[in-house]
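Asks: Could you have a look at this structure, given as structure tokens, before my questions?
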Amino acid sequence: MKFTKNFLQRLLNLTLGLFLYALGIVITMRASIGFAPWEVFQAGIAKTIGLSIGVVSIFVGFIIIIMVKVLGEQIGFGTILNMLLIGTFMDLIIFVDVVPKFSNLFHCIIQLVAGLFTISVGSYFYIKTAFGAGPRDSLMVALARKTRIPVGICRSLIELSVTFFGWLLGGMVGIGTVISVIAIGFCIQITFKAFRFDVTAVKHESFRDTFVELLN
């Protein structure tokens, strides 16, 4: 395989992006005023079966990738690393315990929003590599294609579903959950505008495309 400078730079950006994404998730969780939808679901599973949330994140990502593949969507190199690294980084960050925890509601809300912006910056770095969308984003697109339901509605239905089942399993639902659902779109929009990044211009590679590129 030929690891070109361009490939290594993209891989570095991908890894940095996934680390920042995981860091952002942990920051929002440490705010302790309600997890974002997928974290509610994964924390509920983790609490039920006694595994770390990072391991559960990897497991859930793996199941989603299988579902996405069955639904006919392309899987990229970045999709696989997204599944593996975000959960691994989450557990590592939680283990070293570097993210503070506040008790004042105002400070907790500020921390939550800071986490959402960290997730947004991470999204910028990993999306711009064009190595493939994350498993959860791919699921949203796959369901939109198959059902012909608008992608925004598909995302809302998915997040409402995982929030509900996560809550049943003991995941933390609160004001932070509502803020996360409402604010994440604005945080991403502000971040992408600051970086002058047009996400619609990105053409993601399939896993096969990346492999062929390395062989040439």
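Convention: chains lettered A, B, ... in structure tokens order; per-chain residue numbering from 1; ligands numbered from 1 as shown.
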Each residue of segment 14-130 of chain A with at least one atom at most 9 Å from segment 187-190 of chain A should appear once, together with its nearest atom pair and the corresponding distance in Å (one decimal); atoms considered: only C-alpha atoms; ordering: chain, then increasing residue number; output as a Markdown table.
Replies:
| residue | atom | partner | partner_atom | distance |
| --- | --- | --- | --- | --- |
| A:Val113 | CA | A:Cys187 | CA | 8.2 |
| A:Leu116 | CA | A:Cys187 | CA | 6.6 |
| A:Phe117 | CA | A:Cys187 | CA | 5.6 |
| A:Ile119 | CA | A:Ile188 | CA | 8.2 |
| A:Ser120 | CA | A:Ile188 | CA | 4.9 |
| A:Val121 | CA | A:Ile188 | CA | 7.7 |
| A:Ser123 | CA | A:Ile188 | CA | 8.0 |
| A:Tyr124 | CA | A:Ile188 | CA | 8.3 |
Asks: Taking a cut-off of 12 Å and counting only C-alpha atoms, can you build a table that, for each residue of segment 47-96 of chain A near segment 166-177 of chain A, reports the nearest atom pair and how far apart they are in Å (one decimal), sorted by chain then residue number, as JSON lines?
Replies:
{"residue": "A:Lys47", "atom": "CA", "partner": "A:Gly170", "partner_atom": "CA", "distance": 6.9}
{"residue": "A:Thr48", "atom": "CA", "partner": "A:Leu169", "partner_atom": "CA", "distance": 6.5}
{"residue": "A:Ile49", "atom": "CA", "partner": "A:Leu169", "partner_atom": "CA", "distance": 9.9}
{"residue": "A:Gly50", "atom": "CA", "partner": "A:Leu169", "partner_atom": "CA", "distance": 11.9}
{"residue": "A:Ile53", "atom": "CA", "partner": "A:Gly171", "partner_atom": "CA", "distance": 10.8}
Asks: Selection from above, C-alpha atoms, as a PDB file, in the first residue's frame, can you write it?
Replies:
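New file again.pdb:
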ATOM      1  CA  LYS A  47     -26.270   0.794  32.703  1.00  0.00           C
ATOM      2  CA  THR A  48     -28.402  -2.250  31.905  1.00  0.00           C
ATOM      3  CA  ILE A  49     -25.654  -4.659  30.827  1.00  0.00           C
ATOM      4  CA  GLY A  50     -22.771  -3.289  32.895  1.00  0.00           C
ATOM      5  CA  ILE A  53     -20.496   3.631  27.370  1.00  0.00           C
TER       6      ILE A  53
END
Asks: If we count only C-alpha atoms and set the cut-off at 10 Å, which residues sit around Leu23 of chain A, ignoring sequence neighbours fewer than 6 positions away in its own chain? Please answer as number ranges by chain.
Replies: A: 17, 29, 86, 89-94, 99, 115-116, 118-119, 122
Asks: Between A:Ser180, A:Ser138, A:Thr4, A:Thr163, which has the minimum distance to Ile66 of chain A (counting only C-alpha atoms)?
Replies: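 Among A:Ser180, A:Ser138, A:Thr4, A:Thr163, it is A:Ser138 that comes nearest to Ile66 of chain A.
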Asks: Quick one: residues within 12 Å of Glu205 of chain A, only C-alpha atoms counted, chain neighbours fewer than 4 positions away excluded, as a list in words?
Replies: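 Skipping anything fewer than 4 positions along the chain leaves Glu73, Gln74, Ile75, Gly76, Phe77, Gly78, Thr79, Ile127, Lys128, Thr129, Ala130, Phe131, Gly132, Ala133, Asp209, Thr210, Phe211, Val212 and Glu213 of chain A.
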Asks: Env of Val68 of chain A: 10 Å cut, atoms = only C-alpha atoms, seq-sep filter 6 positions within chain, self excluded. Answer as a list of chain:residue names.
Replies: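 Everything that qualifies: A:Phe62, A:Gln74, A:Ile75, A:Pro135, A:Arg136, A:Asp137, A:Ser138, A:Leu139, A:Met140, A:Val141, A:Ala142, A:Leu143.
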Asks: Which value, in Å to one decimal, gives the distance between atom CA of Phe197 of chain A and atom CA of Ala31 of chain A?
Replies: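 According to the coordinates, atom CA of Phe197 of chain A and atom CA of Ala31 of chain A are separated by 28.7 Å.
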Asks: Nearest residue to Leu157 of chain A out of A:Phe7, A:Leu14, A:Ile182, A:Pro37, using only C-alpha atoms?
Replies: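 Of all the options, A:Pro37 lies closest to Leu157 of chain A.
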Asks: Separation of atom CA of Arg155 of chain A and atom CA of Leu105 of chain A, in Å?
Replies: 28.4 Å
Asks: Any idea what's packed within 7 Å of segment 57-59 of chain A, counting only C-alpha atoms, ignoring anything in its chain fewer than 4 positions away? Could you give it as a list in words?
Replies: Gln42, Ile53, Ile63, Met83, Leu84 and Gly87 of chain A
Asks: Write a file of the just-selected residues containing C-alpha atoms, as a compact mmCIF listing (two decimals), in the first residue's frame.
Replies:
# COMPACT_ATOMS: atom_id res chain seq x y z
CA GLN A 42 -26.00 4.14 24.88
CA ILE A 53 -20.50 3.63 27.37
CA ILE A 63 -25.00 -2.93 14.44
CA MET A 83 -17.34 3.27 14.95
CA LEU A 84 -14.07 2.17 16.58
CA GLY A 87 -16.10 4.90 21.73
Asks: Could you write out, as a PyMOL selection string, all the residues of segment 12-145 of chain A that DSSP marks as helix (DSSP H, G or I)?
Replies: chain A and resi 12-30+37-49+53-70+77-96+105-127+135-145
